[in-house]
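> Got start_19.cif for you, mmCIF, C-alpha atoms:
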data_model
#
loop_
_atom_site.group_PDB
_atom_site.id
_atom_site.type_symbol
_atom_site.label_atom_id
_atom_site.label_comp_id
_atom_site.auth_asym_id
_atom_site.auth_seq_id
_atom_site.Cartn_x
_atom_site.Cartn_y
_atom_site.Cartn_z
ATOM 1 C CA MET A 7 -5.563 54.622 60.645
ATOM 2 C CA ALA A 8 -3.362 52.236 58.706
ATOM 3 C CA SER A 9 -0.539 54.142 57.130
ATOM 4 C CA GLU A 10 -0.911 52.446 53.738
ATOM 5 C CA ALA A 11 -4.421 53.905 53.497
ATOM 6 C CA LEU A 12 -3.196 57.524 53.648
ATOM 7 C CA ALA A 13 -2.383 58.069 49.946
ATOM 8 C CA GLY A 14 -5.299 59.762 48.194
ATOM 9 C CA ARG A 15 -6.803 61.085 51.449
ATOM 10 C CA LEU A 16 -6.977 64.626 52.795
ATOM 11 C CA LEU A 17 -5.256 66.105 55.796
ATOM 12 C CA ILE A 18 -7.306 68.915 57.287
ATOM 13 C CA ALA A 19 -5.374 71.209 59.619
ATOM 14 C CA THR A 20 -7.022 71.365 63.024
ATOM 15 C CA PRO A 21 -7.634 74.874 64.405
ATOM 16 C CA MET A 22 -4.844 74.239 66.921
ATOM 17 C CA LEU A 23 -2.147 73.643 64.277
ATOM 18 C CA GLY A 24 0.132 76.630 64.775
ATOM 19 C CA ASP A 25 2.555 76.206 61.840
ATOM 20 C CA PRO A 26 1.815 79.156 59.487
ATOM 21 C CA ASN A 27 2.707 76.950 56.480
ATOM 22 C CA PHE A 28 -0.298 74.790 57.264
ATOM 23 C CA ARG A 29 -2.801 77.004 59.067
ATOM 24 C CA ARG A 30 -6.310 76.071 57.859
ATOM 25 C CA THR A 31 -4.956 74.037 54.999
ATOM 26 C CA VAL A 32 -6.342 71.090 53.106
ATOM 27 C CA VAL A 33 -3.538 68.770 51.970
ATOM 28 C CA LEU A 34 -4.026 65.987 49.436
ATOM 29 C CA LEU A 35 -1.676 63.109 50.197
ATOM 30 C CA VAL A 36 -0.111 62.140 46.898
ATOM 31 C CA GLU A 37 2.335 59.444 48.059
ATOM 32 C CA HIS A 38 2.796 57.591 51.325
ATOM 33 C CA GLU A 39 5.511 55.021 51.991
ATOM 34 C CA ASP A 40 6.228 53.832 55.525
ATOM 35 C CA GLU A 41 9.976 53.762 54.865
ATOM 36 C CA GLN A 42 10.319 56.929 52.757
ATOM 37 C CA GLY A 43 7.702 59.221 54.228
ATOM 38 C CA THR A 44 4.801 61.168 52.794
ATOM 39 C CA LEU A 45 4.322 63.749 50.043
ATOM 40 C CA GLY A 46 1.265 65.964 49.692
ATOM 41 C CA VAL A 47 0.112 69.229 48.163
ATOM 42 C CA VAL A 48 -1.775 72.054 49.845
ATOM 43 C CA LEU A 49 -4.967 72.511 47.820
ATOM 44 C CA ASN A 50 -6.165 75.865 49.138
ATOM 45 C CA ARG A 51 -3.261 78.324 48.847
ATOM 46 C CA PRO A 52 -3.475 80.144 45.508
ATOM 47 C CA THR A 53 -0.773 82.666 44.675
ATOM 48 C CA LYS A 54 -1.255 85.695 42.436
ATOM 49 C CA ILE A 55 1.165 84.258 39.843
ATOM 50 C CA PRO A 56 -0.615 83.226 36.620
ATOM 51 C CA VAL A 57 0.252 79.739 35.348
ATOM 52 C CA GLY A 58 1.241 81.380 32.047
ATOM 53 C CA GLN A 59 3.989 83.357 33.760
ATOM 54 C CA VAL A 60 5.888 80.219 34.789
ATOM 55 C CA LEU A 61 4.537 77.396 32.598
ATOM 56 C CA GLU A 62 3.119 79.169 29.551
ATOM 57 C CA PRO A 63 2.444 75.979 27.521
ATOM 58 C CA TRP A 64 0.069 74.734 30.239
ATOM 59 C CA THR A 65 -2.011 77.940 30.487
ATOM 60 C CA GLU A 66 -4.923 76.721 28.367
ATOM 61 C CA LEU A 67 -5.311 73.530 30.410
ATOM 62 C CA ALA A 68 -5.199 75.148 33.864
ATOM 63 C CA THR A 69 -8.456 75.207 35.832
ATOM 64 C CA ASP A 70 -9.743 78.542 37.193
ATOM 65 C CA PRO A 71 -8.363 80.230 39.105
ATOM 66 C CA SER A 72 -5.539 79.792 36.583
ATOM 67 C CA VAL A 73 -2.764 80.635 39.026
ATOM 68 C CA VAL A 74 0.051 78.651 40.591
ATOM 69 C CA PHE A 75 -0.820 77.311 44.039
ATOM 70 C CA THR A 76 1.617 77.037 46.941
ATOM 71 C CA GLY A 77 1.811 73.267 47.308
ATOM 72 C CA GLY A 78 3.893 73.422 50.469
ATOM 73 C CA PRO A 79 7.162 74.621 51.961
ATOM 74 C CA VAL A 80 9.427 71.932 50.432
ATOM 75 C CA SER A 81 11.169 72.766 47.113
ATOM 76 C CA PRO A 82 9.171 75.961 46.468
ATOM 77 C CA ASN A 83 11.007 76.533 43.168
ATOM 78 C CA SER A 84 9.834 73.220 41.708
ATOM 79 C CA ALA A 85 6.421 72.593 40.196
ATOM 80 C CA LEU A 86 4.069 69.666 40.049
ATOM 81 C CA ALA A 87 0.594 69.376 38.620
ATOM 82 C CA LEU A 88 -2.517 67.346 39.319
ATOM 83 C CA ALA A 89 -4.993 66.527 36.572
ATOM 84 C CA HIS A 90 -8.367 64.834 36.411
ATOM 85 C CA VAL A 91 -8.649 62.444 33.472
ATOM 86 C CA PRO A 92 -12.056 60.801 32.933
ATOM 87 C CA GLY A 93 -12.473 57.425 31.287
ATOM 88 C CA THR A 94 -10.132 54.474 31.581
ATOM 89 C CA ASP A 95 -7.123 55.445 29.450
ATOM 90 C CA GLU A 96 -3.804 56.510 30.926
ATOM 91 C CA PRO A 97 -2.537 59.247 28.626
ATOM 92 C CA VAL A 98 1.208 59.622 28.148
ATOM 93 C CA GLY A 99 2.562 62.073 30.730
ATOM 94 C CA TRP A 100 -0.070 61.293 33.405
ATOM 95 C CA HIS A 101 0.192 58.871 36.336
ATOM 96 C CA PRO A 102 -2.796 58.037 38.588
ATOM 97 C CA LEU A 103 -2.582 58.521 42.344
ATOM 98 C CA ASP A 104 -2.764 55.563 44.691
ATOM 99 C CA GLY A 105 -5.987 56.468 46.385
ATOM 100 C CA GLY A 106 -8.540 53.797 45.738
ATOM 101 C CA PRO A 107 -11.376 53.811 43.213
ATOM 102 C CA ALA A 108 -12.753 57.259 44.154
ATOM 103 C CA MET A 109 -9.422 58.901 43.326
ATOM 104 C CA ALA A 110 -8.456 56.645 40.393
ATOM 105 C CA ARG A 111 -8.850 59.353 37.754
ATOM 106 C CA LEU A 112 -6.774 61.962 39.594
ATOM 107 C CA GLY A 113 -3.074 61.888 38.890
ATOM 108 C CA LEU A 114 0.244 63.647 38.540
ATOM 109 C CA VAL A 115 1.245 65.276 35.260
ATOM 110 C CA ASP A 116 4.734 65.249 33.789
ATOM 111 C CA LEU A 117 5.198 68.981 33.167
ATOM 112 C CA ASP A 118 8.104 68.199 30.820
ATOM 113 C CA ALA A 119 5.720 66.383 28.474
ATOM 114 C CA PRO A 120 4.191 68.380 25.615
ATOM 115 C CA PRO A 121 0.770 69.661 26.790
ATOM 116 C CA GLY A 122 -0.698 68.573 23.440
ATOM 117 C CA LEU A 123 -0.242 64.933 24.443
ATOM 118 C CA LEU A 124 -2.619 65.429 27.360
ATOM 119 C CA ALA A 125 -4.916 68.222 26.173
ATOM 120 C CA ALA A 126 -7.694 65.970 24.871
ATOM 121 C CA ALA A 127 -7.699 63.789 28.002
ATOM 122 C CA ILE A 128 -7.560 66.408 30.781
ATOM 123 C CA VAL A 129 -10.746 67.838 32.278
ATOM 124 C CA SER A 130 -9.065 69.783 35.109
ATOM 125 C CA LEU A 131 -5.453 70.727 35.870
ATOM 126 C CA ARG A 132 -3.835 72.630 38.701
ATOM 127 C CA VAL A 133 -0.160 73.593 39.129
ATOM 128 C CA TYR A 134 1.596 73.695 42.521
ATOM 129 C CA ALA A 135 4.906 75.288 43.490
ATOM 130 C CA GLY A 136 6.541 73.097 46.110
ATOM 131 C CA TYR A 137 4.982 70.397 48.198
ATOM 132 C CA ALA A 138 4.458 69.244 51.776
ATOM 133 C CA GLY A 139 6.701 66.455 52.972
ATOM 134 C CA TRP A 140 7.083 64.342 56.083
ATOM 135 C CA GLY A 141 9.841 61.887 56.972
ATOM 136 C CA ALA A 142 9.091 58.287 57.933
ATOM 137 C CA GLY A 143 6.781 58.288 60.956
ATOM 138 C CA GLN A 144 6.593 62.085 61.186
ATOM 139 C CA LEU A 145 3.081 62.490 59.785
ATOM 140 C CA GLN A 146 1.683 59.659 61.906
ATOM 141 C CA ALA A 147 3.098 61.386 64.996
ATOM 142 C CA GLU A 148 1.470 64.701 63.991
ATOM 143 C CA ILE A 149 -1.882 62.962 63.448
ATOM 144 C CA GLU A 150 -1.641 61.298 66.872
ATOM 145 C CA GLU A 151 -0.814 64.703 68.440
ATOM 146 C CA GLY A 152 -4.066 66.085 67.018
ATOM 147 C CA ALA A 153 -2.601 68.414 64.375
ATOM 148 C CA TRP A 154 -4.543 66.872 61.480
ATOM 149 C CA TYR A 155 -7.898 65.324 60.708
ATOM 150 C CA VAL A 156 -7.628 62.568 58.076
ATOM 151 C CA VAL A 157 -10.705 62.416 55.844
ATOM 152 C CA PRO A 158 -11.708 60.985 52.455
ATOM 153 C CA ALA A 159 -10.885 63.099 49.415
ATOM 154 C CA GLU A 160 -13.011 63.779 46.373
ATOM 155 C CA PRO A 161 -11.326 64.455 43.005
ATOM 156 C CA SER A 162 -13.079 67.847 42.804
ATOM 157 C CA ASP A 163 -11.271 69.000 45.987
ATOM 158 C CA ALA A 164 -8.091 69.493 43.955
ATOM 159 C CA PHE A 165 -9.878 71.886 41.580
ATOM 160 C CA CYS A 166 -12.117 73.859 43.927
ATOM 161 C CA PRO A 167 -13.079 77.116 42.166
ATOM 162 C CA ASP A 168 -13.062 79.013 45.482
ATOM 163 C CA PRO A 169 -10.016 77.698 47.402
ATOM 164 C CA ALA A 170 -10.710 79.977 50.395
ATOM 165 C CA ARG A 171 -13.908 77.984 51.037
ATOM 166 C CA LEU A 172 -12.316 74.513 50.785
ATOM 167 C CA TRP A 173 -11.278 74.118 54.460
ATOM 168 C CA PRO A 174 -14.775 74.730 55.910
ATOM 169 C CA ALA A 175 -16.503 72.900 53.031
ATOM 170 C CA VAL A 176 -14.514 69.688 53.542
ATOM 171 C CA LEU A 177 -15.086 69.827 57.291
ATOM 172 C CA ARG A 178 -18.847 70.401 56.849
ATOM 173 C CA ARG A 179 -19.300 67.436 54.546
ATOM 174 C CA GLN A 180 -17.827 65.140 57.230
ATOM 175 C CA GLY A 181 -20.815 65.806 59.480
ATOM 176 C CA GLY A 182 -20.822 65.405 63.235
ATOM 177 C CA GLU A 183 -18.121 67.092 65.299
ATOM 178 C CA LEU A 184 -16.022 68.057 62.264
ATOM 179 C CA ALA A 185 -18.928 70.017 60.788
ATOM 180 C CA TYR A 186 -18.863 72.178 63.924
ATOM 181 C CA VAL A 187 -15.101 72.729 63.575
ATOM 182 C CA ALA A 188 -15.833 74.410 60.215
ATOM 183 C CA THR A 189 -17.302 77.344 62.157
ATOM 184 C CA TYR A 190 -14.261 77.753 64.422
ATOM 185 C CA PRO A 191 -13.315 81.458 64.326
ATOM 186 C CA ASP A 192 -10.002 82.616 62.853
ATOM 187 C CA ASP A 193 -9.151 84.269 66.155
ATOM 188 C CA PRO A 194 -11.040 82.697 69.082
ATOM 189 C CA GLY A 195 -9.920 85.610 71.290
ATOM 190 C CA LEU A 196 -12.238 87.902 69.309
ATOM 191 C CA ASN A 197 -15.230 85.620 69.889
#
Turn the structure described in the file into structure tokens.


Amino acid sequence: MASEALAGRLLIATPMLGDPNFRRTVVLLVEHEDEQGTLGVVLNRPTKIPVGQVLEPWTELATDPSVVFTGGPVSPNSALALAHVPGTDEPVGWHPLDGGPAMARLGLVDLDAPPGLLAAAIVSLRVYAGYAGWGAGQLQAEIEEGAWYVVPAEPSDAFCPDPARLWPAVLRRQGGELAYVATYPDDPGLN
């Protein structure tokens, strides 16, 4: 897959990926630059920390479950947010992802901006602590090793109401061999 086409796509951890940070994760690739590397957020790792506990002004805009999600192992004390904004306007404090037309209304939110500037425009918002990052060439090597499936994303993936079901749901909608992977047991030794 051409590296420039990775932004706005999903990485689905294969059952063989052993890194506990990424076991059975679904990662939305937010930025991809050949020279600088890749940044993504894990979409299916909710914490028990309410958004209001760390970013109180954003509580009313957060999509259920209204908790902070673990976005990845890099900079776990920093936060970033994704928001879905319908229509064609670009509200102040929101920047669309580079992900083609299907992902055009999903973007990053400036959490330093007053929430009131965005409140009328946002349909869904999710907050992530940390992110997933790969140096130049690192992600491509992991994909070639078979650690990740790269599949199209849908804006609703970022706001799945039942994050525990996202990994099998995304695999199932791919059809074919990947739909079968969705049934792969947590511990094949118990099969």

> Selection in question (the file shown): the PyMOL selection byres ((chain A and resi 23-29) around 12). Which residues does it include, as a PyMOL selection string?

chain A and resi 17-22+30-33+46-51+76-80+82+136-139+148-149+151-155+173+192-193

> How would the residues just chosen look if you wrote them out with C-alpha atoms as a CSV table (one decimal), in the frame of the given file?


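What follows is the written file result_16.csv:
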chain,number,residue,atom,x,y,z
A,17,LEU,CA,-5.3,66.1,55.8
A,18,ILE,CA,-7.3,68.9,57.3
A,19,ALA,CA,-5.4,71.2,59.6
A,20,THR,CA,-7.0,71.4,63.0
A,21,PRO,CA,-7.6,74.9,64.4
A,22,MET,CA,-4.8,74.2,66.9
A,30,ARG,CA,-6.3,76.1,57.9
A,31,THR,CA,-5.0,74.0,55.0
A,32,VAL,CA,-6.3,71.1,53.1
A,33,VAL,CA,-3.5,68.8,52.0
A,46,GLY,CA,1.3,66.0,49.7
A,47,VAL,CA,0.1,69.2,48.2
A,48,VAL,CA,-1.8,72.1,49.8
A,49,LEU,CA,-5.0,72.5,47.8
A,50,ASN,CA,-6.2,75.9,49.1
A,51,ARG,CA,-3.3,78.3,48.8
A,76,THR,CA,1.6,77.0,46.9
A,77,GLY,CA,1.8,73.3,47.3
A,78,GLY,CA,3.9,73.4,50.5
A,79,PRO,CA,7.2,74.6,52.0
A,80,VAL,CA,9.4,71.9,50.4
A,82,PRO,CA,9.2,76.0,46.5
A,136,GLY,CA,6.5,73.1,46.1
A,137,TYR,CA,5.0,70.4,48.2
A,138,ALA,CA,4.5,69.2,51.8
A,139,GLY,CA,6.7,66.5,53.0
A,148,GLU,CA,1.5,64.7,64.0
A,149,ILE,CA,-1.9,63.0,63.4
A,151,GLU,CA,-0.8,64.7,68.4
A,152,GLY,CA,-4.1,66.1,67.0
A,153,ALA,CA,-2.6,68.4,64.4
A,154,TRP,CA,-4.5,66.9,61.5
A,155,TYR,CA,-7.9,65.3,60.7
A,173,TRP,CA,-11.3,74.1,54.5
A,192,ASP,CA,-10.0,82.6,62.9
A,193,ASP,CA,-9.2,84.3,66.2

> Just to confirm, what's the straight-line distance from atom CA of A:Ala87 to atom CA of A:Ala13 in Å (one decimal)?

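Interatomic distance, atom CA of A:Ala87 to atom CA of A:Ala13: 16.3 Å.
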
> Starting from the PyMOL selection byres ((chain A and resi 96) around 12), expand the selection into actual residues of this file and give them as a list in words.

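Applying the expression gives Ala89, His90, Val91, Pro92, Gly93, Thr94, Asp95, Pro97, Val98, Gly99, Trp100, His101, Pro102, Leu103, Ala110, Arg111, Leu112, Gly113, Leu114, Val115, Leu123, Leu124, Ala126, Ala127 and Ile128 of chain A.
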
> Output C-alpha atoms of each residue in that selection to a file, as a PDB file, in the frame of the given file.


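Saved to out_8.pdb:
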ATOM      1  CA  ALA A  89      -4.993  66.527  36.572  1.00  0.00           C
ATOM      2  CA  HIS A  90      -8.367  64.834  36.411  1.00  0.00           C
ATOM      3  CA  VAL A  91      -8.649  62.444  33.472  1.00  0.00           C
ATOM      4  CA  PRO A  92     -12.056  60.801  32.933  1.00  0.00           C
ATOM      5  CA  GLY A  93     -12.473  57.425  31.287  1.00  0.00           C
ATOM      6  CA  THR A  94     -10.132  54.474  31.581  1.00  0.00           C
ATOM      7  CA  ASP A  95      -7.123  55.445  29.450  1.00  0.00           C
ATOM      8  CA  PRO A  97      -2.537  59.247  28.626  1.00  0.00           C
ATOM      9  CA  VAL A  98       1.208  59.622  28.148  1.00  0.00           C
ATOM     10  CA  GLY A  99       2.562  62.073  30.730  1.00  0.00           C
ATOM     11  CA  TRP A 100      -0.070  61.293  33.405  1.00  0.00           C
ATOM     12  CA  HIS A 101       0.192  58.871  36.336  1.00  0.00           C
ATOM     13  CA  PRO A 102      -2.796  58.037  38.588  1.00  0.00           C
ATOM     14  CA  LEU A 103      -2.582  58.521  42.344  1.00  0.00           C
ATOM     15  CA  ALA A 110      -8.456  56.645  40.393  1.00  0.00           C
ATOM     16  CA  ARG A 111      -8.850  59.353  37.754  1.00  0.00           C
ATOM     17  CA  LEU A 112      -6.774  61.962  39.594  1.00  0.00           C
ATOM     18  CA  GLY A 113      -3.074  61.888  38.890  1.00  0.00           C
ATOM     19  CA  LEU A 114       0.244  63.647  38.540  1.00  0.00           C
ATOM     20  CA  VAL A 115       1.245  65.276  35.260  1.00  0.00           C
ATOM     21  CA  LEU A 123      -0.242  64.933  24.443  1.00  0.00           C
ATOM     22  CA  LEU A 124      -2.619  65.429  27.360  1.00  0.00           C
ATOM     23  CA  ALA A 126      -7.694  65.970  24.871  1.00  0.00           C
ATOM     24  CA  ALA A 127      -7.699  63.789  28.002  1.00  0.00           C
ATOM     25  CA  ILE A 128      -7.560  66.408  30.781  1.00  0.00           C
TER      26      ILE A 128
END

> Please identify all polymer residues within 7 Å of A:Ala142, counting all atoms listed in the file, omitting same-chain residues fewer than 5 positions from it, and present them as a ChimeraX atom specification.

/A:40-43

> How many Å lie between atom CA of A:Val157 and atom CA of A:Leu16, rounded to one decimal?

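Computed distance, atom CA of A:Val157 to atom CA of A:Leu16, equals 5.3 Å.
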
> Write out as a PyMOL selection string which residues come within 12 Å of A:Arg179 when counting all atoms listed in the file, dropping same-chain ones fewer than 5 positions away.

chain A and resi 157-160+163+172-174+184-188

> Name the residues captured by the PyMOL selection byres ((chain A and resi 73) around 7) when it is applied to the shown file; answer as a short mmCIF file (atom, residue, chain, number, x, y, z; two decimals) with C-alpha atoms, in the coordinates of the input.


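Listed below is the output, out16.cif:
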data_model
loop_
_atom_site.label_atom_id
_atom_site.label_comp_id
_atom_site.auth_asym_id
_atom_site.auth_seq_id
_atom_site.Cartn_x
_atom_site.Cartn_y
_atom_site.Cartn_z
CA PRO A 52 -3.48 80.14 45.51
CA THR A 53 -0.77 82.67 44.68
CA LYS A 54 -1.25 85.70 42.44
CA ILE A 55 1.16 84.26 39.84
CA PRO A 56 -0.62 83.23 36.62
CA VAL A 57 0.25 79.74 35.35
CA PRO A 71 -8.36 80.23 39.10
CA SER A 72 -5.54 79.79 36.58
CA VAL A 74 0.05 78.65 40.59
CA PHE A 75 -0.82 77.31 44.04
#

> What separation in Å, quoted to one decimal, exists between atom CA of A:Ser162 and atom CA of A:Leu177?

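For atom CA of A:Ser162 relative to atom CA of A:Leu177, the distance reads 14.8 Å.
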
> With 6 Å of padding per side, what axis-aligned box (centre and edge lengths, Å, one decimal) covers all the listed atoms of stretch 161-170 of chain A? Give it as lines of an AutoDock Vina configuration file.


center_x = -10.6
center_y = 72.2
center_z = 46.0
size_x = 17.0
size_y = 27.5
size_z = 20.8

> Under the rule that all atoms listed in the file are counted, which of A:Gln180, A:Trp140, A:Pro63, A:Pro161 is the nearest residue to A:Ala108?

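Distance minimum relative to A:Ala108 lands on A:Pro161.
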
> Nearest to A:Pro120: which of A:Val156, A:Ala147, A:Ala135, A:Leu61 is it, counting all atoms listed in the file?

A:Leu61

> Taking all atoms listed in the file into account, name the residue in A:Met109, A:Ala175, A:Ala170, A:Leu88 that is nearest to A:Leu67.

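Under the stated criterion, the closest residue is A:Leu88.
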
> Take stretch 51-83 of chain A, bring it up to N, CA and C atoms, and give me the output as an mmCIF file, in the coordinates of the input.


data_model
loop_
_atom_site.group_PDB
_atom_site.id
_atom_site.type_symbol
_atom_site.label_atom_id
_atom_site.label_comp_id
_atom_site.auth_asym_id
_atom_site.auth_seq_id
_atom_site.Cartn_x
_atom_site.Cartn_y
_atom_site.Cartn_z
ATOM 1 N N ARG A 51 -4.139 77.155 48.728
ATOM 2 C CA ARG A 51 -3.261 78.324 48.847
ATOM 3 C C ARG A 51 -2.884 78.877 47.469
ATOM 4 N N PRO A 52 -3.812 79.558 46.805
ATOM 5 C CA PRO A 52 -3.475 80.144 45.508
ATOM 6 C C PRO A 52 -2.510 81.313 45.683
ATOM 7 N N THR A 53 -1.632 81.481 44.707
ATOM 8 C CA THR A 53 -0.773 82.666 44.675
ATOM 9 C C THR A 53 -1.426 83.652 43.706
ATOM 10 N N LYS A 54 -0.766 84.745 43.437
ATOM 11 C CA LYS A 54 -1.255 85.695 42.436
ATOM 12 C C LYS A 54 -0.513 85.504 41.106
ATOM 13 N N ILE A 55 0.346 84.490 41.034
ATOM 14 C CA ILE A 55 1.165 84.258 39.843
ATOM 15 C C ILE A 55 0.380 83.431 38.823
ATOM 16 N N PRO A 56 0.093 83.993 37.653
ATOM 17 C CA PRO A 56 -0.615 83.226 36.620
ATOM 18 C C PRO A 56 0.226 82.032 36.158
ATOM 19 N N VAL A 57 -0.449 80.923 35.856
ATOM 20 C CA VAL A 57 0.252 79.739 35.348
ATOM 21 C C VAL A 57 1.082 80.126 34.126
ATOM 22 N N GLY A 58 0.540 80.976 33.266
ATOM 23 C CA GLY A 58 1.241 81.380 32.047
ATOM 24 C C GLY A 58 2.566 82.086 32.289
ATOM 25 N N GLN A 59 2.738 82.649 33.452
ATOM 26 C CA GLN A 59 3.989 83.357 33.760
ATOM 27 C C GLN A 59 5.139 82.378 34.014
ATOM 28 N N VAL A 60 4.826 81.176 34.473
ATOM 29 C CA VAL A 60 5.888 80.219 34.789
ATOM 30 C C VAL A 60 5.851 78.965 33.911
ATOM 31 N N LEU A 61 4.682 78.583 33.445
ATOM 32 C CA LEU A 61 4.537 77.396 32.598
ATOM 33 C C LEU A 61 3.585 77.714 31.454
ATOM 34 N N GLU A 62 3.979 78.638 30.610
ATOM 35 C CA GLU A 62 3.119 79.169 29.551
ATOM 36 C C GLU A 62 2.431 78.078 28.724
ATOM 37 N N PRO A 63 3.123 76.985 28.343
ATOM 38 C CA PRO A 63 2.444 75.979 27.521
ATOM 39 C C PRO A 63 1.231 75.320 28.197
ATOM 40 N N TRP A 64 1.154 75.387 29.510
ATOM 41 C CA TRP A 64 0.069 74.734 30.239
ATOM 42 C C TRP A 64 -1.097 75.679 30.552
ATOM 43 N N THR A 65 -1.006 76.931 30.161
ATOM 44 C CA THR A 65 -2.011 77.940 30.487
ATOM 45 C C THR A 65 -3.424 77.528 30.091
ATOM 46 N N GLU A 66 -3.581 77.053 28.880
ATOM 47 C CA GLU A 66 -4.923 76.721 28.367
ATOM 48 C C GLU A 66 -5.565 75.558 29.108
ATOM 49 N N LEU A 67 -4.768 74.701 29.717
ATOM 50 C CA LEU A 67 -5.311 73.530 30.410
ATOM 51 C C LEU A 67 -5.588 73.779 31.889
ATOM 52 N N ALA A 68 -5.060 74.871 32.430
ATOM 53 C CA ALA A 68 -5.199 75.148 33.864
ATOM 54 C C ALA A 68 -6.637 75.523 34.217
ATOM 55 N N THR A 69 -7.115 74.956 35.317
ATOM 56 C CA THR A 69 -8.456 75.207 35.832
ATOM 57 C C THR A 69 -8.482 76.538 36.579
ATOM 58 N N ASP A 70 -9.594 77.273 36.470
ATOM 59 C CA ASP A 70 -9.743 78.542 37.193
ATOM 60 C C ASP A 70 -9.804 78.298 38.692
ATOM 61 N N PRO A 71 -9.205 79.109 39.509
ATOM 62 C CA PRO A 71 -8.363 80.230 39.105
ATOM 63 C C PRO A 71 -7.047 79.731 38.511
ATOM 64 N N SER A 72 -6.706 80.247 37.348
ATOM 65 C CA SER A 72 -5.539 79.792 36.583
ATOM 66 C C SER A 72 -4.253 80.433 37.110
ATOM 67 N N VAL A 73 -3.979 80.132 38.382
ATOM 68 C CA VAL A 73 -2.764 80.635 39.026
ATOM 69 C C VAL A 73 -2.007 79.446 39.600
ATOM 70 N N VAL A 74 -0.747 79.670 39.917
ATOM 71 C CA VAL A 74 0.051 78.651 40.591
ATOM 72 C C VAL A 74 -0.369 78.641 42.060
ATOM 73 N N PHE A 75 -0.486 77.467 42.628
ATOM 74 C CA PHE A 75 -0.820 77.311 44.039
ATOM 75 C C PHE A 75 0.443 76.984 44.818
ATOM 76 N N THR A 76 0.513 77.416 46.073
ATOM 77 C CA THR A 76 1.617 77.037 46.941
ATOM 78 C C THR A 76 1.307 75.632 47.445
ATOM 79 N N GLY A 77 2.057 74.658 46.954
ATOM 80 C CA GLY A 77 1.811 73.267 47.308
ATOM 81 C C GLY A 77 2.367 72.885 48.665
ATOM 82 N N GLY A 78 3.285 73.697 49.173
ATOM 83 C CA GLY A 78 3.893 73.422 50.469
ATOM 84 C C GLY A 78 5.265 74.042 50.558
ATOM 85 N N PRO A 79 5.894 73.930 51.729
ATOM 86 C CA PRO A 79 7.162 74.621 51.961
ATOM 87 C C PRO A 79 8.405 73.912 51.411
ATOM 88 N N VAL A 80 8.271 72.678 50.935
ATOM 89 C CA VAL A 80 9.427 71.932 50.432
ATOM 90 C C VAL A 80 9.608 72.211 48.935
ATOM 91 N N SER A 81 10.832 72.504 48.524
ATOM 92 C CA SER A 81 11.169 72.766 47.113
ATOM 93 C C SER A 81 10.225 73.770 46.448
ATOM 94 N N PRO A 82 10.121 74.986 47.007
ATOM 95 C CA PRO A 82 9.171 75.961 46.468
ATOM 96 C C PRO A 82 9.482 76.428 45.045
ATOM 97 N N ASN A 83 10.674 76.142 44.536
ATOM 98 C CA ASN A 83 11.007 76.533 43.168
ATOM 99 C C ASN A 83 10.754 75.414 42.163
#
